[in-house]
file run_28.txt (compact mmCIF, C-alpha atoms)
# COMPACT_ATOMS: atom_id res chain seq x y z
CA MET A 1 -52.49 -23.16 43.49
CA ASP A 2 -52.13 -26.68 41.97
CA GLU A 3 -48.91 -27.89 40.31
CA ARG A 4 -50.17 -27.26 36.76
CA LYS A 5 -50.97 -23.63 37.44
CA GLN A 6 -47.61 -23.20 39.18
CA ALA A 7 -45.80 -24.58 36.13
CA ILE A 8 -47.69 -22.24 33.81
CA HIS A 9 -47.01 -19.32 36.12
CA ARG A 10 -43.26 -20.07 36.21
CA ALA A 11 -43.14 -20.45 32.43
CA LEU A 12 -44.77 -17.06 31.95
CA LYS A 13 -42.85 -15.32 34.71
CA TRP A 14 -39.35 -16.46 33.76
CA ARG A 15 -39.64 -16.23 30.00
CA LEU A 16 -36.23 -14.79 28.89
CA ALA A 17 -36.97 -14.39 25.20
CA PRO A 18 -39.93 -13.23 23.10
CA ARG A 19 -42.30 -16.01 22.28
CA VAL A 20 -41.62 -17.83 19.02
CA ALA A 21 -45.34 -17.77 18.36
CA ASP A 22 -45.24 -13.96 18.34
CA LEU A 23 -42.69 -13.80 15.52
CA GLY A 24 -45.30 -14.73 12.94
CA TYR A 25 -44.84 -15.68 9.28
CA SER A 26 -44.64 -19.34 10.23
CA LYS A 27 -48.16 -20.74 9.90
CA VAL A 28 -48.04 -21.13 6.12
CA ILE A 29 -44.72 -22.98 5.94
CA ALA A 30 -45.38 -24.89 9.19
CA ALA A 31 -48.77 -26.28 8.15
CA SER A 32 -47.16 -29.72 7.97
CA ARG A 33 -43.79 -31.22 8.80
CA GLY A 34 -43.18 -32.04 5.16
CA ARG A 35 -43.83 -28.48 4.04
CA LEU A 36 -41.61 -27.08 6.80
CA LEU A 37 -38.71 -29.41 5.94
CA SER A 38 -39.09 -28.66 2.23
CA SER A 39 -39.09 -24.93 2.96
CA ALA A 40 -35.95 -25.29 5.08
CA LEU A 41 -34.11 -27.22 2.37
CA ALA A 42 -35.25 -24.79 -0.34
CA SER A 43 -34.23 -21.69 1.64
CA THR A 44 -30.83 -23.22 2.44
CA ALA A 45 -30.30 -24.03 -1.24
CA VAL A 46 -31.28 -20.49 -2.26
CA VAL A 47 -28.74 -19.03 0.16
CA LEU A 48 -25.89 -21.32 -0.87
CA VAL A 49 -26.46 -21.30 -4.63
CA GLY A 50 -27.61 -17.69 -4.87
CA GLY A 51 -24.81 -16.46 -2.64
CA THR A 52 -22.19 -18.34 -4.66
CA LEU A 53 -23.50 -16.97 -7.97
CA LEU A 54 -23.77 -13.41 -6.68
CA PHE A 55 -20.31 -13.51 -5.12
CA GLY A 56 -18.89 -14.89 -8.35
CA TRP A 57 -20.43 -12.03 -10.31
CA MET A 58 -19.06 -9.50 -7.84
CA ARG A 59 -15.61 -11.07 -8.06
CA ASP A 60 -15.44 -11.11 -11.87
CA SER A 61 -17.71 -8.42 -13.28
CA SER A 62 -19.16 -5.95 -10.80
CA GLN A 63 -18.17 -2.31 -11.28
CA SER A 64 -20.11 -0.78 -8.39
CA ALA A 65 -18.83 -1.02 -4.84
CA GLY A 66 -22.07 0.51 -3.55
CA LEU A 67 -24.19 -2.10 -5.30
CA ASN A 68 -21.98 -4.85 -3.90
CA ILE A 69 -22.47 -3.57 -0.37
CA GLY A 70 -26.22 -3.56 -0.92
CA ILE A 71 -26.16 -7.12 -2.28
CA ILE A 72 -24.08 -8.35 0.64
CA GLY A 73 -26.49 -6.68 3.08
CA LEU A 74 -29.51 -8.17 1.31
CA LEU A 75 -27.91 -11.60 1.28
CA PHE A 76 -27.32 -11.35 5.01
CA CYS A 77 -31.04 -10.65 5.47
CA VAL A 78 -31.85 -13.71 3.37
CA VAL A 79 -29.46 -15.76 5.52
CA VAL A 80 -31.30 -14.61 8.65
CA VAL A 81 -34.67 -15.59 7.14
CA ALA A 82 -33.39 -18.95 5.90
CA ALA A 83 -31.80 -19.65 9.27
CA TYR A 84 -35.16 -18.86 10.89
CA ILE A 85 -36.90 -21.44 8.73
CA ASP A 86 -34.14 -23.98 9.45
CA ALA A 87 -34.50 -23.32 13.18
CA LEU A 88 -38.26 -23.91 12.93
CA ALA A 89 -37.63 -27.23 11.20
CA LEU A 90 -35.12 -28.29 13.83
CA GLY A 91 -37.53 -27.28 16.58
CA ASP A 92 -40.24 -29.43 15.01
CA LEU A 93 -37.85 -32.39 14.89
CA PHE A 94 -36.36 -32.14 18.37
CA PHE A 95 -38.63 -30.14 20.69
CA PRO A 96 -41.20 -32.38 22.48
CA GLY A 97 -44.86 -31.76 23.14
CA ARG A 98 -46.01 -31.35 19.52
CA TRP A 99 -44.10 -28.06 19.47
CA ARG A 100 -44.90 -27.13 15.85
CA GLU A 101 -48.65 -27.64 16.10
CA ARG A 102 -48.91 -26.10 19.54
CA VAL A 103 -46.54 -23.11 19.28
CA LEU A 104 -46.49 -22.31 15.57
CA LEU A 105 -50.05 -23.26 14.63
CA GLY A 106 -51.70 -22.41 17.96
CA LYS A 107 -53.43 -25.78 18.47
CA GLN A 108 -54.35 -27.05 21.93
CA PHE A 109 -54.05 -30.61 23.20
CA GLU A 110 -55.20 -32.53 26.27
CA ALA A 111 -52.36 -34.01 28.25
CA LYS A 112 -52.54 -37.74 29.10
CA ASP A 113 -50.18 -37.56 32.06
CA TRP A 114 -48.00 -35.15 34.03
CA GLU A 115 -44.94 -35.58 31.84
CA GLU A 116 -46.90 -34.76 28.69
CA GLU A 117 -48.61 -31.87 30.43
CA ARG A 118 -45.23 -30.37 31.40
CA ALA A 119 -44.02 -30.72 27.82
CA LEU A 120 -47.17 -29.05 26.55
CA VAL A 121 -46.46 -26.06 28.76
CA GLN A 122 -42.88 -25.46 27.57
CA GLU A 123 -42.44 -23.27 24.45
CA TYR A 124 -38.62 -23.58 24.27
CA ASN A 125 -38.19 -19.96 23.29
CA ALA A 126 -34.60 -19.52 24.52
CA PRO A 127 -33.34 -22.79 22.94
CA PHE A 128 -35.03 -21.80 19.68
CA TYR A 129 -33.11 -18.50 19.56
CA VAL A 130 -29.84 -20.30 20.29
CA ILE A 131 -30.53 -22.65 17.39
CA TRP A 132 -31.46 -19.71 15.16
CA VAL A 133 -28.17 -17.96 15.90
CA LEU A 134 -26.25 -21.18 15.23
CA CYS A 135 -28.06 -21.60 11.93
CA ILE A 136 -27.17 -18.04 10.92
CA ALA A 137 -23.52 -18.75 11.68
CA LEU A 138 -23.55 -22.09 9.85
CA LEU A 139 -25.30 -20.69 6.77
CA GLY A 140 -22.92 -17.74 6.65
CA TYR A 141 -19.95 -20.08 6.91
CA GLY A 142 -21.46 -22.34 4.26
CA VAL A 143 -21.84 -19.47 1.78
CA GLU A 144 -18.28 -18.36 2.49
CA MET A 145 -16.92 -21.85 1.82
CA ALA A 146 -19.12 -22.44 -1.24
CA SER A 147 -17.90 -19.17 -2.79
CA GLY A 148 -14.25 -19.95 -2.20
CA GLY A 149 -13.83 -17.57 0.72
CA PHE A 150 -15.28 -14.57 -1.10
CA LEU A 151 -15.85 -12.33 1.91
CA SER A 152 -12.25 -12.71 3.04
CA TYR A 153 -11.08 -12.11 -0.52
CA TYR A 154 -13.35 -9.08 -0.88
CA GLN A 155 -12.08 -7.56 2.34
CA LYS A 156 -8.44 -8.03 1.35
CA ILE A 157 -8.46 -7.06 -2.31
CA GLY A 158 -11.82 -7.65 -3.99
CA PHE A 159 -13.24 -4.27 -2.95
CA THR A 160 -10.18 -2.52 -4.40
CA LEU A 161 -10.49 -4.40 -7.70
CA VAL A 162 -14.14 -3.38 -8.00
CA LEU A 163 -13.14 0.26 -7.50
CA LEU A 164 -10.48 -0.07 -10.19
CA ARG A 165 -13.09 -1.50 -12.62
CA SER A 166 -15.63 1.19 -11.87
CA ASP A 167 -16.99 3.49 -14.59
CA ASP A 168 -16.69 6.41 -12.18
CA PRO A 169 -13.19 7.96 -12.31
CA ASN A 170 -13.56 9.04 -8.68
CA ASP A 171 -13.90 5.39 -7.69
CA ARG A 172 -10.83 4.48 -9.74
CA VAL A 173 -8.85 7.23 -8.06
CA MET A 174 -10.03 5.97 -4.66
CA GLY A 175 -8.99 2.44 -5.59
CA LEU A 176 -5.51 3.51 -6.70
CA GLU A 177 -5.02 5.59 -3.56
CA LYS A 178 -5.95 2.53 -1.53
CA VAL A 179 -3.50 0.42 -3.55
CA VAL A 180 -0.45 2.64 -3.00
CA ASN A 181 -1.16 3.04 0.72
CA PRO A 182 1.59 1.22 2.70
CA PHE A 183 -1.11 -0.54 4.74
CA SER A 184 -2.00 -2.45 1.55
CA GLU A 185 1.54 -3.72 1.04
CA ALA A 186 0.54 -7.33 1.75
CA GLN A 187 -1.44 -7.36 -1.53
CA TRP A 188 1.22 -5.69 -3.71
CA GLU A 189 2.26 -8.99 -5.32
CA ASN A 190 -1.28 -9.94 -6.34
CA GLU A 191 -1.45 -10.64 -10.10
CA GLU A 192 -5.09 -9.57 -10.42
CA LEU A 193 -4.16 -6.24 -8.88
CA HIS A 194 -1.23 -5.81 -11.28
CA GLU A 195 -3.46 -6.50 -14.28
CA ALA A 196 -6.07 -4.00 -13.07
CA ILE A 197 -3.41 -1.30 -12.58
CA SER A 198 -1.83 -1.93 -15.97
CA ARG A 199 -5.22 -1.40 -17.66
CA LEU A 200 -5.44 2.07 -16.10
CA VAL A 201 -2.08 3.36 -17.38
CA LEU A 202 -3.83 4.61 -20.52
CA ASP A 203 -7.00 5.71 -18.70
CA PRO A 204 -8.70 8.75 -20.28
CA ASP A 205 -8.94 10.51 -16.91
CA GLU A 206 -5.69 12.38 -16.13
CA ARG A 207 -5.92 11.84 -12.38
CA VAL A 208 -6.43 8.12 -12.79
CA GLN A 209 -3.64 7.83 -15.34
CA ALA A 210 -1.12 9.70 -13.17
CA LEU A 211 -1.89 7.54 -10.13
CA ALA A 212 -1.78 4.35 -12.22
CA VAL A 213 1.64 5.27 -13.63
CA TYR A 214 2.88 5.98 -10.11
CA ALA A 215 1.47 2.65 -8.90
CA VAL A 216 3.27 0.83 -11.73
CA GLY A 217 6.58 2.00 -10.29
CA ARG A 218 5.68 1.67 -6.62
CA LEU A 219 4.35 -1.89 -6.89
CA GLY A 220 6.65 -3.07 -9.68
CA VAL A 221 3.84 -3.73 -12.16
CA PHE A 222 5.81 -5.02 -15.14
CA ALA A 223 2.56 -5.72 -16.98
CA GLY A 224 2.20 -1.96 -17.36
CA ALA A 225 5.81 -1.26 -18.40
CA GLU A 226 5.21 -0.89 -22.15
CA ASP A 227 2.20 1.40 -21.71
CA THR A 228 4.16 3.47 -19.19
CA LEU A 229 6.96 3.84 -21.73
CA GLU A 230 4.38 4.94 -24.30
CA VAL A 231 3.09 7.56 -21.87
CA PHE A 232 6.65 8.85 -21.34
CA LYS A 233 7.23 9.15 -25.07
CA THR A 234 3.91 10.55 -26.28
CA SER A 235 1.91 12.24 -23.51
CA ASP A 236 1.21 15.95 -23.88
CA ASP A 237 1.17 16.31 -20.10
CA LEU A 238 4.77 17.05 -19.04
CA GLU A 239 4.11 16.22 -15.38
CA LEU A 240 2.70 12.87 -16.46
CA ARG A 241 5.84 12.26 -18.51
CA ARG A 242 7.93 12.99 -15.44
CA GLU A 243 5.86 10.52 -13.40
CA ALA A 244 6.22 7.88 -16.12
CA ALA A 245 10.01 8.37 -16.22
CA GLN A 246 10.24 7.85 -12.47
CA ALA A 247 8.09 4.71 -12.70
CA LEU A 248 10.26 3.26 -15.48
CA GLY A 249 13.33 3.78 -13.35
CA ARG A 250 11.78 2.08 -10.34
CA LEU A 251 10.89 -0.90 -12.50
CA GLY A 252 14.53 -1.22 -13.54
CA TRP A 253 13.33 -2.34 -16.98
CA ALA A 254 16.32 -2.09 -19.33
CA GLN A 255 14.33 -0.82 -22.30
CA GLY A 256 12.68 1.85 -20.19
CA VAL A 257 15.91 2.99 -18.51
CA ASN A 258 17.63 3.21 -21.91
CA ALA A 259 14.79 5.42 -23.12
CA LEU A 260 15.41 7.74 -20.17
CA SER A 261 19.11 8.09 -20.95
CA HIS A 262 18.41 8.73 -24.65
CA ARG A 263 15.85 11.37 -23.79
CA LEU A 264 18.45 13.32 -21.80
CA SER A 265 20.30 14.05 -25.05
CA ALA A 266 17.19 15.19 -26.98
CA LYS A 267 17.21 18.76 -28.32
CA ASN A 268 13.61 19.41 -27.31
CA LEU A 269 14.05 18.10 -23.75
CA THR A 270 11.92 19.90 -21.15
CA ARG A 271 12.66 20.54 -17.50
CA GLU A 272 9.98 18.11 -16.27
CA GLU A 273 11.26 15.36 -18.56
CA ALA A 274 14.82 15.97 -17.38
CA LEU A 275 13.84 15.75 -13.72
CA GLY A 276 11.84 12.58 -14.35
CA ALA A 277 14.63 10.95 -16.35
CA LEU A 278 17.30 11.79 -13.76
CA ARG A 279 15.17 10.53 -10.90
CA GLY A 280 14.26 7.41 -12.85
CA ILE A 281 17.92 6.66 -13.53
CA ALA A 282 18.67 7.19 -9.84
CA PHE A 283 15.92 4.73 -8.91
CA SER A 284 17.18 2.17 -11.43
CA GLY A 285 20.64 1.96 -9.83
CA ASP A 286 22.09 1.25 -13.28
CA ALA A 287 25.66 2.64 -13.34
CA ARG A 288 25.76 2.29 -17.13
CA MET A 289 23.51 5.34 -17.37
CA GLY A 290 26.11 7.52 -15.63
CA ARG A 291 27.74 8.75 -18.83
CA ALA A 292 24.39 10.00 -20.16
CA VAL A 293 23.79 11.90 -16.90
CA ALA A 294 27.31 13.36 -16.97
CA ARG A 295 26.94 14.52 -20.58
CA PHE A 296 23.68 16.22 -19.65
CA ILE A 297 25.12 17.98 -16.57
CA GLN A 298 28.20 19.34 -18.32
CA LYS A 299 26.22 21.13 -21.05
CA CYS A 300 26.84 24.61 -19.70
CA ASP A 301 25.17 26.21 -22.73
CA ALA A 302 21.89 24.31 -22.29
CA PRO A 303 18.63 26.32 -22.01
CA PRO A 304 18.23 28.02 -18.61
CA GLU A 305 15.43 25.69 -17.53
CA LEU A 306 17.83 22.74 -17.92
CA ARG A 307 20.53 24.53 -15.90
CA ASP A 308 18.02 25.04 -13.11
CA GLU A 309 19.51 24.38 -9.67
CA GLU A 310 17.04 21.58 -8.90
CA VAL A 311 17.81 19.83 -12.20
CA VAL A 312 21.59 19.86 -11.75
CA VAL A 313 21.39 18.90 -8.07
CA THR A 314 19.14 15.99 -9.04
CA GLY A 315 21.71 14.99 -11.67
CA PHE A 316 24.49 14.68 -9.08
CA TRP A 317 22.13 12.85 -6.74
CA ALA A 318 21.48 10.38 -9.57
CA ILE A 319 25.24 9.93 -10.11
CA ALA A 320 25.64 9.21 -6.39
CA GLN A 321 22.73 6.76 -6.34
CA ILE A 322 24.04 4.71 -9.25
CA ALA A 323 27.65 5.03 -7.95
CA ASP A 324 29.05 5.97 -11.35
CA GLU A 325 32.82 6.35 -10.91
CA SER A 326 33.25 7.56 -14.49
CA SER A 327 31.72 10.90 -13.39
CA ARG A 328 34.43 11.61 -10.79
CA GLU A 329 36.21 14.29 -12.80
CA LEU A 330 32.93 16.05 -13.54
CA ALA A 331 32.01 16.05 -9.84
CA LEU A 332 35.48 17.36 -8.89
CA ASN A 333 35.22 20.26 -11.35
CA PHE A 334 31.76 21.24 -10.14
CA ALA A 335 32.73 20.89 -6.49
CA ALA A 336 35.70 23.18 -7.12
CA GLY A 337 33.47 25.69 -8.92
CA LYS A 338 35.48 25.40 -12.14
CA LEU A 339 32.72 24.28 -14.53
CA CYS A 340 29.48 26.06 -15.49
CA ASP A 341 29.84 28.58 -12.65
CA PRO A 342 27.90 26.42 -10.15
CA GLY A 343 26.06 27.91 -7.21
CA PRO A 344 26.61 26.80 -3.59
CA ARG A 345 23.93 24.13 -3.67
CA ILE A 346 25.29 22.56 -6.84
CA ARG A 347 28.79 22.49 -5.31
CA CYS A 348 27.34 20.79 -2.24
CA ALA A 349 25.57 18.20 -4.39
CA ALA A 350 28.77 17.49 -6.35
CA ALA A 351 30.79 17.17 -3.14
CA GLN A 352 28.28 14.74 -1.66
CA ALA A 353 28.39 12.66 -4.85
CA LEU A 354 32.17 12.41 -4.35
CA GLU A 355 31.52 10.75 -0.99
CA ARG A 356 30.33 7.72 -2.95
CA ILE A 357 32.12 7.77 -6.29
CA ALA A 358 35.62 9.16 -5.58
CA THR A 359 38.62 6.81 -5.59
CA VAL A 360 42.01 6.88 -3.89
CA GLU A 361 43.46 8.64 -6.94
CA ASP A 362 41.11 11.57 -6.30
CA ILE A 363 42.32 12.24 -2.75
CA PRO A 364 44.99 14.86 -3.67
CA ALA A 365 42.49 16.79 -5.82
CA MET A 366 39.85 16.73 -3.05
CA GLN A 367 42.42 17.95 -0.53
CA ARG A 368 43.29 20.87 -2.80
CA ILE A 369 39.60 21.77 -3.22
CA PHE A 370 39.23 21.55 0.56
CA ASP A 371 42.04 24.06 1.04
CA ALA A 372 40.50 26.44 -1.51
CA THR A 373 37.01 26.33 0.06
CA ASP A 374 35.80 28.85 2.63
CA PRO A 375 35.66 27.08 6.03
CA ASN A 376 32.35 28.78 6.80
CA GLN A 377 30.54 27.83 3.59
CA GLU A 378 27.53 25.83 4.70
CA CYS A 379 25.33 23.37 2.81
CA GLU A 380 21.67 23.66 3.67
CA PRO A 381 19.81 20.33 3.34
CA TYR A 382 18.06 19.84 0.01
CA TYR A 383 15.00 17.60 -0.02
CA TRP A 384 12.67 16.16 -2.61
CA ARG A 385 9.28 14.90 -1.46
CA TYR A 386 8.11 12.00 -3.59
CA ARG A 387 4.33 12.24 -3.32
CA GLU A 388 3.22 11.04 0.12
CA GLU A 389 5.59 8.11 0.00
CA LYS A 390 8.88 9.48 1.29
CA MET A 391 11.14 12.47 1.69
CA LEU A 392 14.53 12.09 0.00
CA ALA A 393 17.59 14.14 0.93
CA LEU A 394 19.49 15.00 -2.25
CA PHE A 395 22.31 16.18 -0.01
CA ASP A 396 22.77 16.65 3.74
CA ASP A 397 23.49 19.75 5.74
CA GLY A 398 26.84 20.80 7.20
CA PRO A 399 29.97 22.67 6.05
CA LEU A 400 31.06 22.06 2.46
CA ARG A 401 34.58 21.27 3.65
CA ALA A 402 33.19 18.49 5.86
CA LYS A 403 31.90 16.76 2.74
CA PHE A 404 35.43 16.66 1.32
CA VAL A 405 36.66 15.18 4.61
CA LYS A 406 34.01 12.46 4.28
CA ALA A 407 34.92 11.85 0.64
CA VAL A 408 38.59 11.41 1.59
CA GLY A 409 37.82 9.34 4.68
CA ASN A 410 35.46 7.00 2.80
CA ARG A 411 38.36 5.86 0.65
CA LYS A 412 39.88 4.23 3.77
CA SER A 413 43.40 5.08 2.67
CA VAL A 414 45.85 4.95 5.56
CA ASP A 415 48.02 7.53 3.78
CA SER A 416 45.30 10.14 4.35
CA TYR A 417 45.28 9.67 8.12
CA GLU A 418 47.72 12.48 8.87
CA TRP A 419 45.78 14.97 6.73
CA ILE A 420 42.52 14.05 8.41
CA TRP A 421 44.18 14.28 11.85
CA ARG A 422 45.48 17.78 11.06
CA VAL A 423 41.98 18.91 10.03
CA GLY A 424 40.54 17.54 13.27
CA SER A 425 43.17 19.22 15.42
CA ASN A 426 42.95 22.61 13.69
CA THR A 427 41.33 24.93 16.23
CA ASP A 428 40.52 27.46 13.50
CA GLU A 429 38.44 24.92 11.61
CA ASN A 430 34.63 24.77 11.74
CA ILE A 431 33.60 22.72 14.76
CA TYR A 432 31.43 20.36 12.68
CA THR A 433 34.25 19.77 10.18
CA ARG A 434 36.65 19.08 13.05
CA ALA A 435 34.23 16.61 14.62
CA THR A 436 33.86 14.84 11.27
CA ALA A 437 37.62 14.58 10.85
CA GLU A 438 38.10 13.34 14.41
CA ALA A 439 35.51 10.59 13.86
CA TYR A 440 37.35 9.41 10.73
CA ALA A 441 40.70 9.60 12.53
CA ARG A 442 39.41 7.34 15.32
CA ALA A 443 38.01 4.93 12.72
CA PHE A 444 41.42 4.79 11.03
CA VAL A 445 43.12 4.00 14.33
CA GLU A 446 40.61 1.22 15.08
CA MET A 447 41.11 -0.17 11.58
CA ALA A 448 44.90 -0.18 12.04
CA ASN A 449 44.61 -1.90 15.44
CA LYS A 450 42.46 -4.68 14.00
CA LYS A 451 45.11 -5.38 11.39

call {"tool": "encode", "arguments": {"input": "run_28.txt", "output": "structure tokens"}}
result
Amino acid sequence: MDERKQAIHRALKWRLAPRVADLGYSKVIAASRGRLLSSALASTAVVLVGGTLLFGWMRDSSQSAGLNIGIIGLLFCVVVVAAYIDALALGDLFFPGRWRERVLLGKQFEAKDWEEERALVQEYNAPFYVIWVLCIALLGYGVEMASGGFLSYYQKIGFTLVLLRSDDPNDRVMGLEKVVNPFSEAQWENEELHEAISRLVLDPDERVQALAVYAVGRLGVFAGAEDTLEVFKTSDDLELRREAAQALGRLGWAQGVNALSHRLSAKNLTREEALGALRGIAFSGDARMGRAVARFIQKCDAPPELRDEEVVVTGFWAIAQIADESSRELALNFAAGKLCDPGPRIRCAAAQALERIATVEDIPAMQRIFDATDPNQECEPYYWRYREEKMLALFDDGPLRAKFVKAVGNRKSVDSYEWIWRVGSNTDENIYTRATAEAYARAFVEMANKK
């Protein structure tokens, strides 16, 4: 077998990629070098300009996430085709042996010498595919840069914004659920996102509206504060009013928090509104609202739904959260069972509030209540689950008397050391209460040693 036949045999035997000639669709555009180069430039321009325009439309106006996915997929196909044409043009420019005429057009030539004959045998299939892949990558990168990094933007927040703009309420619900997910926290400060959420506060769909109101509070969307206040004041849906009240409190917006405190004194106040207002005030951390909460709690003749255990417990939790010392006397009376005939849970809530708001002047009164309380009276933990976000303990478990020990110990008054020590050393005392007292006694000793 002569050298030429051996070269042809090796080329056929060790071909690692399909032949470029077998791909087809190249004879028309490869009829001449000029036509091939023009086709490459035109296809590249279509990808860059068309991609930029389409991505801009998706960023600003599109309301269909499904359509956007289809467009992105179609554009990728166009990129692959354009990269193919670019690779053909580059092959024509840099591959030897009249590669375009021979491989793409199927023409045959007579070699003048061995070097030319070897070039005429090579089809450069593997290098062509490498160039094609590189062209795909470069065109994709070019579209991304020309569109201002659209694909990165779309992955981070653009997809969510399209869902929030959608005409389908199910899409809007999906978008809001994605927004409030903790995994999306990195985008919570985005202004476009805040504007999109604020537009949904007055959405006609109840599910969308409720989630939007919740998102206003969770993300701190002040752009939606006024509409959220309007929802709290005018909505016929009491659960939605409750959600709006909680959102206003989380925003800490003075006008909204004031509206919550005023609503607590309304004659037509409902249970859901009361719960929302109390929770909102607790979230706000505004101690100035404490008097309004105290006035609400001490209305023993209020309708039964407003004297509901959950409502009153939430009221004392709110007082504890805002650390309102002006409500100390109210908490002492409820903890002692002297006002409104409170049940065990309400007494526990009042006692736990004293852990935060009592002062040194209240120590004698708390010691007297401690003595009058059954050592075995237990407080079962009372929780409130706030959607899927978190579980809040309105008060902890343990003996009621232990809460008074904590309330006294938290004042850090050295004069109360002996009383706390006696509680801890009393063998007839509840073991948990004794352990609590012993812990405070040790803390007092350490505090005295440091001084």

call {"tool": "atom_distance", "arguments": {"input": "run_28.txt", "atom1": "atom CA of A:Met366", "atom2": "atom CA of A:Glu438"}}
result
17.9 Å

call {"tool": "residues_near_point", "arguments": {"input": "run_28.txt", "point": "(22.5, 4.0, -17.1)", "cutoff": "10 Å", "atoms": "only C-alpha atoms", "output": "ChimeraX atom specification"}}
result
/A:249,254,257-262,278,280-282,284-293,318-319,322,324

call {"tool": "atom_distance", "arguments": {"input": "run_28.txt", "atom1": "atom CA of A:Ser166", "atom2": "atom CA of A:Ser64"}}
result
6.0 Å

call {"tool": "atom_distance", "arguments": {"input": "run_28.txt", "atom1": "atom CA of A:Val179", "atom2": "atom CA of A:Ala215"}}
result
7.6 Å

call {"tool": "residues_near_point", "arguments": {"input": "run_28.txt", "point": "(41.7, 20.8, -4.8)", "cutoff": "12 Å", "atoms": "all atoms listed in the file", "output": "count of residues only"}}
result
25

call {"tool": "closest_residue", "arguments": {"input": "run_28.txt", "among": "A:Glu325, A:Gly51, A:Leu394, A:Asn376", "to": "A:Glu310", "atoms": "all atoms listed in the file"}}
result
A:Leu394

call {"tool": "closest_residue", "arguments": {"input": "run_28.txt", "among": "A:Pro169, A:Gly398, A:Pro96, A:Pro304", "to": "A:Cys340", "atoms": "all atoms listed in the file"}}
result
A:Pro304

call {"tool": "residues_around", "arguments": {"input": "run_28.txt", "residues": "A:Leu75", "least_positions_apart": "2", "cutoff": "10 Å", "atoms": "only C-alpha atoms", "output": "list in words"}}
result
Val47, Gly50, Gly51, Leu54, Ile69, Gly70, Ile71, Ile72, Gly73, Cys77, Val78, Val79, Val80, Val81, Gly140 and Val143 of chain A

call {"tool": "write_last_selection", "arguments": {"input": "run_28.txt", "atoms": "C-alpha atoms", "output": "PDB file, in the coordinates of the input"}}
result
ATOM      1  CA  VAL A  47     -28.740 -19.030   0.160  1.00  0.00           C
ATOM      2  CA  GLY A  50     -27.610 -17.690  -4.870  1.00  0.00           C
ATOM      3  CA  GLY A  51     -24.810 -16.460  -2.640  1.00  0.00           C
ATOM      4  CA  LEU A  54     -23.770 -13.410  -6.680  1.00  0.00           C
ATOM      5  CA  ILE A  69     -22.470  -3.570  -0.370  1.00  0.00           C
ATOM      6  CA  GLY A  70     -26.220  -3.560  -0.920  1.00  0.00           C
ATOM      7  CA  ILE A  71     -26.160  -7.120  -2.280  1.00  0.00           C
ATOM      8  CA  ILE A  72     -24.080  -8.350   0.640  1.00  0.00           C
ATOM      9  CA  GLY A  73     -26.490  -6.680   3.080  1.00  0.00           C
ATOM     10  CA  CYS A  77     -31.040 -10.650   5.470  1.00  0.00           C
ATOM     11  CA  VAL A  78     -31.850 -13.710   3.370  1.00  0.00           C
ATOM     12  CA  VAL A  79     -29.460 -15.760   5.520  1.00  0.00           C
ATOM     13  CA  VAL A  80     -31.300 -14.610   8.650  1.00  0.00           C
ATOM     14  CA  VAL A  81     -34.670 -15.590   7.140  1.00  0.00           C
ATOM     15  CA  GLY A 140     -22.920 -17.740   6.650  1.00  0.00           C
ATOM     16  CA  VAL A 143     -21.840 -19.470   1.780  1.00  0.00           C
TER      17      VAL A 143
END

call {"tool": "closest_residue", "arguments": {"input": "run_28.txt", "among": "A:Ser416, A:Gln246, A:Thr436, A:Thr270", "to": "A:Gly217", "atoms": "all atoms listed in the file"}}
result
A:Gln246

call {"tool": "closest_residue", "arguments": {"input": "run_28.txt", "among": "A:Glu226, A:Asp92, A:Asp374, A:Asp203", "to": "A:Asp428", "atoms": "all atoms listed in the file"}}
result
A:Asp374
